[in-house]
$ cat coords21.pdb   # PDB, C-alpha atoms
MODEL        1
ATOM      1  CA  MET J 210      -2.568 -33.921  11.764  1.00  0.00           C
ATOM      2  CA  LYS J 211      -1.061 -30.596  10.749  1.00  0.00           C
ATOM      3  CA  VAL J 212      -2.779 -27.655  12.430  1.00  0.00           C
ATOM      4  CA  LEU J 213      -3.429 -24.685  10.168  1.00  0.00           C
ATOM      5  CA  ARG J 214      -4.075 -21.266  11.613  1.00  0.00           C
ATOM      6  CA  PHE J 215      -6.754 -19.153   9.961  1.00  0.00           C
ATOM      7  CA  SER J 216      -4.007 -16.729   8.944  1.00  0.00           C
ATOM      8  CA  ASP J 217      -2.233 -19.587   7.065  1.00  0.00           C
ATOM      9  CA  ILE J 218      -5.165 -20.023   4.682  1.00  0.00           C
ATOM     10  CA  ARG J 219      -5.417 -17.745   1.662  1.00  0.00           C
ATOM     11  CA  LEU J 220      -8.183 -16.923  -0.788  1.00  0.00           C
ATOM     12  CA  GLY J 221      -7.915 -19.120  -3.882  1.00  0.00           C
ATOM     13  CA  GLN J 222      -5.856 -21.773  -2.085  1.00  0.00           C
ATOM     14  CA  ILE J 223      -6.412 -25.273  -3.471  1.00  0.00           C
ATOM     15  CA  LYS J 224      -5.892 -28.567  -1.668  1.00  0.00           C
ATOM     16  CA  SER J 225      -6.763 -32.052  -2.843  1.00  0.00           C
ATOM     17  CA  ARG J 226      -6.665 -35.671  -1.705  1.00  0.00           C
ATOM     18  CA  ARG J 227      -7.325 -39.081  -3.252  1.00  0.00           C
ATOM     19  CA  TYR J 228      -9.891 -41.494  -1.837  1.00  0.00           C
ATOM     20  CA  THR J 229     -10.538 -45.074  -2.933  1.00  0.00           C
ATOM     21  CA  LEU J 230     -13.918 -46.788  -2.664  1.00  0.00           C
ATOM     22  CA  THR J 231     -12.608 -49.966  -1.070  1.00  0.00           C
ATOM     23  CA  LYS J 232     -14.615 -53.016  -0.098  1.00  0.00           C
ATOM     24  CA  GLU J 233     -13.947 -52.135   3.550  1.00  0.00           C
ATOM     25  CA  VAL J 234     -15.409 -48.629   3.120  1.00  0.00           C
ATOM     26  CA  TYR J 235     -18.431 -49.967   1.225  1.00  0.00           C
ATOM     27  CA  GLU J 236     -19.176 -52.759   3.695  1.00  0.00           C
ATOM     28  CA  GLY J 237     -18.660 -50.436   6.665  1.00  0.00           C
ATOM     29  CA  PHE J 238     -21.230 -48.051   5.207  1.00  0.00           C
ATOM     30  CA  LEU J 239     -23.720 -50.901   4.715  1.00  0.00           C
ATOM     31  CA  VAL J 240     -23.281 -52.059   8.295  1.00  0.00           C
ATOM     32  CA  ALA J 241     -23.585 -48.550   9.728  1.00  0.00           C
ATOM     33  CA  PHE J 242     -26.526 -47.260   7.669  1.00  0.00           C
ATOM     34  CA  LYS J 243     -28.343 -50.314   6.322  1.00  0.00           C
ATOM     35  CA  ASP J 244     -29.103 -48.669   2.949  1.00  0.00           C
ATOM     36  CA  THR J 245     -29.760 -51.794   0.905  1.00  0.00           C
ATOM     37  CA  ASN J 246     -31.364 -50.157  -2.116  1.00  0.00           C
ATOM     38  CA  PRO J 247     -30.776 -52.705  -4.917  1.00  0.00           C
ATOM     39  CA  LEU J 248     -28.857 -50.143  -7.008  1.00  0.00           C
ATOM     40  CA  HIS J 249     -26.274 -50.214  -4.207  1.00  0.00           C
ATOM     41  CA  VAL J 250     -26.188 -53.940  -3.409  1.00  0.00           C
ATOM     42  CA  ASP J 251     -27.427 -55.989  -6.375  1.00  0.00           C
ATOM     43  CA  GLY J 252     -25.131 -55.989  -9.403  1.00  0.00           C
ATOM     44  CA  ALA J 253     -27.677 -57.575 -11.753  1.00  0.00           C
ATOM     45  CA  PHE J 254     -30.331 -55.037 -10.751  1.00  0.00           C
ATOM     46  CA  ALA J 255     -27.885 -52.129 -11.186  1.00  0.00           C
ATOM     47  CA  LYS J 256     -26.857 -53.377 -14.647  1.00  0.00           C
ATOM     48  CA  LYS J 257     -30.494 -53.775 -15.698  1.00  0.00           C
ATOM     49  CA  ALA J 258     -31.002 -50.139 -14.615  1.00  0.00           C
ATOM     50  CA  GLY J 259     -28.164 -49.039 -16.941  1.00  0.00           C
ATOM     51  CA  PHE J 260     -25.159 -48.939 -14.616  1.00  0.00           C
ATOM     52  CA  LYS J 261     -21.970 -50.945 -15.111  1.00  0.00           C
ATOM     53  CA  SER J 262     -22.230 -52.460 -11.615  1.00  0.00           C
ATOM     54  CA  VAL J 263     -23.374 -51.618  -8.100  1.00  0.00           C
ATOM     55  CA  VAL J 264     -23.368 -47.859  -7.556  1.00  0.00           C
ATOM     56  CA  MET J 265     -21.608 -46.626  -4.433  1.00  0.00           C
ATOM     57  CA  HIS J 266     -23.688 -44.575  -1.997  1.00  0.00           C
ATOM     58  CA  GLY J 267     -23.293 -40.826  -2.450  1.00  0.00           C
ATOM     59  CA  ALA J 268     -23.122 -40.497   1.319  1.00  0.00           C
ATOM     60  CA  ILE J 269     -19.748 -42.265   1.227  1.00  0.00           C
ATOM     61  CA  LEU J 270     -18.403 -39.260  -0.697  1.00  0.00           C
ATOM     62  CA  SER J 271     -19.988 -37.041   1.955  1.00  0.00           C
ATOM     63  CA  GLY J 272     -18.084 -39.004   4.581  1.00  0.00           C
ATOM     64  CA  PHE J 273     -14.837 -38.488   2.680  1.00  0.00           C
ATOM     65  CA  THR J 274     -15.668 -34.767   2.501  1.00  0.00           C
ATOM     66  CA  SER J 275     -16.114 -34.665   6.281  1.00  0.00           C
ATOM     67  CA  HIS J 276     -12.792 -36.473   6.730  1.00  0.00           C
ATOM     68  CA  PHE J 277     -11.028 -34.049   4.393  1.00  0.00           C
ATOM     69  CA  ILE J 278     -12.425 -30.891   6.036  1.00  0.00           C
ATOM     70  CA  GLY J 279     -11.839 -32.138   9.584  1.00  0.00           C
ATOM     71  CA  THR J 280      -8.401 -33.680   9.211  1.00  0.00           C
ATOM     72  CA  CYS J 281      -6.761 -32.416   6.010  1.00  0.00           C
ATOM     73  CA  PHE J 282      -7.922 -28.929   5.101  1.00  0.00           C
ATOM     74  CA  PRO J 283      -8.646 -26.686   6.906  1.00  0.00           C
ATOM     75  CA  GLY J 284      -8.252 -29.342   9.620  1.00  0.00           C
ATOM     76  CA  LYS J 285      -8.564 -29.739  13.351  1.00  0.00           C
ATOM     77  CA  TYR J 286     -10.615 -26.631  14.143  1.00  0.00           C
ATOM     78  CA  ALA J 287     -12.911 -26.780  11.116  1.00  0.00           C
ATOM     79  CA  LEU J 288     -16.627 -27.400  11.394  1.00  0.00           C
ATOM     80  CA  LEU J 289     -18.965 -27.843   8.430  1.00  0.00           C
ATOM     81  CA  HIS J 290     -21.862 -25.392   8.629  1.00  0.00           C
ATOM     82  CA  SER J 291     -23.634 -26.385   5.415  1.00  0.00           C
ATOM     83  CA  VAL J 292     -23.146 -28.544   2.366  1.00  0.00           C
ATOM     84  CA  SER J 293     -24.783 -28.489  -1.047  1.00  0.00           C
ATOM     85  CA  ILE J 294     -24.205 -31.634  -3.098  1.00  0.00           C
ATOM     86  CA  GLN J 295     -24.732 -32.542  -6.734  1.00  0.00           C
ATOM     87  CA  TYR J 296     -23.841 -36.050  -7.877  1.00  0.00           C
ATOM     88  CA  ARG J 297     -22.833 -35.829 -11.543  1.00  0.00           C
ATOM     89  CA  ALA J 298     -21.692 -39.382 -12.230  1.00  0.00           C
ATOM     90  CA  PRO J 299     -21.862 -42.758 -10.510  1.00  0.00           C
ATOM     91  CA  VAL J 300     -18.905 -44.060  -8.546  1.00  0.00           C
ATOM     92  CA  TYR J 301     -18.165 -47.780  -8.375  1.00  0.00           C
ATOM     93  CA  LEU J 302     -16.380 -50.131  -6.008  1.00  0.00           C
ATOM     94  CA  GLY J 303     -12.626 -49.847  -6.544  1.00  0.00           C
ATOM     95  CA  ASP J 304     -12.775 -46.374  -8.090  1.00  0.00           C
ATOM     96  CA  THR J 305     -10.295 -43.785  -6.888  1.00  0.00           C
ATOM     97  CA  VAL J 306     -11.624 -40.242  -6.803  1.00  0.00           C
ATOM     98  CA  ILE J 307      -9.921 -36.953  -6.074  1.00  0.00           C
ATOM     99  CA  LEU J 308     -11.491 -34.400  -3.779  1.00  0.00           C
ATOM    100  CA  SER J 309     -10.413 -30.895  -4.771  1.00  0.00           C
ATOM    101  CA  SER J 310     -11.107 -27.941  -2.510  1.00  0.00           C
ATOM    102  CA  LYS J 311     -10.694 -24.248  -3.326  1.00  0.00           C
ATOM    103  CA  VAL J 312     -11.080 -21.364  -0.864  1.00  0.00           C
ATOM    104  CA  GLU J 313     -13.740 -19.159  -2.479  1.00  0.00           C
ATOM    105  CA  HIS J 314     -14.336 -16.748   0.413  1.00  0.00           C
ATOM    106  CA  LYS J 315     -12.521 -15.917   3.625  1.00  0.00           C
ATOM    107  CA  SER J 316     -14.093 -13.726   6.312  1.00  0.00           C
ATOM    108  CA  GLU J 317     -11.680 -12.307   8.855  1.00  0.00           C
ATOM    109  CA  ALA J 318     -14.602 -10.912  10.899  1.00  0.00           C
ATOM    110  CA  THR J 319     -16.266 -14.286  11.467  1.00  0.00           C
ATOM    111  CA  LYS J 320     -13.222 -16.515  10.893  1.00  0.00           C
ATOM    112  CA  THR J 321     -15.162 -18.541   8.322  1.00  0.00           C
ATOM    113  CA  LEU J 322     -14.283 -19.991   4.947  1.00  0.00           C
ATOM    114  CA  THR J 323     -16.386 -20.901   1.956  1.00  0.00           C
ATOM    115  CA  LEU J 324     -14.886 -23.833   0.108  1.00  0.00           C
ATOM    116  CA  ASN J 325     -15.837 -25.090  -3.326  1.00  0.00           C
ATOM    117  CA  VAL J 326     -15.337 -28.846  -3.104  1.00  0.00           C
ATOM    118  CA  SER J 327     -15.531 -31.017  -6.187  1.00  0.00           C
ATOM    119  CA  TRP J 328     -14.911 -34.659  -7.022  1.00  0.00           C
ATOM    120  CA  LEU J 329     -12.803 -35.637 -10.007  1.00  0.00           C
TER     121      LEU J 329
ENDMDL
END

$ encode --input "coords21.pdb" --output "structure tokens"
Amino acid sequence: MKVLRFSDIRLGQIKSRRYTLTKEVYEGFLVAFKDTNPLHVDGAFAKKAGFKSVVMHGAILSGFTSHFIGTCFPGKYALLHSVSIQYRAPVYLGDTVILSSKVEHKSEATKTLTLNVSWL
């Protein structure tokens, strides 16, 4: 894990990473959190509700966000203080998504960053 210093990070800086919704990730989430809502586990039910198949849990994307912030950018010394999430489209098993992060605000006084994180 590369360690970034606060001084290495600049306003407007963009970093991104790909994540794939693998069977291992999906099943691990089910085991850990037991969210068995039929939209997430029953393909026939999800299709009847208008989706193409089982919809992945939004919290999986939150987990990827935590991974990205804590290990990729800004990295080792980063701690999430708050998160606001809007899910704009369903994500399905096997999909690969790209997390894109842009530094929107940087406070030298408090050594904090505001990142705009989006999923593509």

$ residues_near_point --input "coords21.pdb" --point "(-16.8, -36.6, -5.0)" --cutoff "10 Å" --atoms "all atoms listed in the file" --output "list in words"
Arg227, Tyr228, Gly267, Ala268, Ile269, Leu270, Ser271, Gly272, Phe273, Thr274, Ile294, Gln295, Tyr296, Arg297, Ala298, Pro299, Val300, Thr305, Val306, Ile307, Leu308, Ser309, Val326, Ser327, Trp328 and Leu329 of chain J

$ write_last_selection --input "coords21.pdb" --atoms "C-alpha atoms" --output "tab-separated table (two decimals), in the coordinates of the input"
chain	number	residue	atom	x	y	z
J	227	ARG	CA	-7.32	-39.08	-3.25
J	228	TYR	CA	-9.89	-41.49	-1.84
J	267	GLY	CA	-23.29	-40.83	-2.45
J	268	ALA	CA	-23.12	-40.50	1.32
J	269	ILE	CA	-19.75	-42.26	1.23
J	270	LEU	CA	-18.40	-39.26	-0.70
J	271	SER	CA	-19.99	-37.04	1.96
J	272	GLY	CA	-18.08	-39.00	4.58
J	273	PHE	CA	-14.84	-38.49	2.68
J	274	THR	CA	-15.67	-34.77	2.50
J	294	ILE	CA	-24.20	-31.63	-3.10
J	295	GLN	CA	-24.73	-32.54	-6.73
J	296	TYR	CA	-23.84	-36.05	-7.88
J	297	ARG	CA	-22.83	-35.83	-11.54
J	298	ALA	CA	-21.69	-39.38	-12.23
J	299	PRO	CA	-21.86	-42.76	-10.51
J	300	VAL	CA	-18.90	-44.06	-8.55
J	305	THR	CA	-10.30	-43.78	-6.89
J	306	VAL	CA	-11.62	-40.24	-6.80
J	307	ILE	CA	-9.92	-36.95	-6.07
J	308	LEU	CA	-11.49	-34.40	-3.78
J	309	SER	CA	-10.41	-30.90	-4.77
J	326	VAL	CA	-15.34	-28.85	-3.10
J	327	SER	CA	-15.53	-31.02	-6.19
J	328	TRP	CA	-14.91	-34.66	-7.02
J	329	LEU	CA	-12.80	-35.64	-10.01

$ closest_residue --input "coords21.pdb" --among "J:Leu302, J:Thr231, J:Val263, J:Phe277" --to "Thr245 in chain J" --atoms "all atoms listed in the file"
J:Val263

$ atom_distance --input "coords21.pdb" --atom1 "CA of Phe242 in chain J" --atom2 "CA of Thr229 in chain J"
19.3 Å

$ resolve_selection --input "coords21.pdb" --expression "the PyMOL selection byres ((chain J and resi 280-293) around 10)" --output "NGL selection string"
:J and (210-215 or 217-218 or 223-226 or 271 or 274-279 or 294-295 or 310 or 312 or 321-326)

$ axis_aligned_box --input "coords21.pdb" --around "range 293-298 of chain J" --padding-each-side "3 Å" --output "lines of an AutoDock Vina configuration file"
center_x = -23.2
center_y = -33.9
center_z = -6.6
size_x = 9.1
size_y = 16.9
size_z = 17.2

$ atom_distance --input "coords21.pdb" --atom1 "CA of Arg219 in chain J" --atom2 "CA of Lys311 in chain J"
9.7 Å
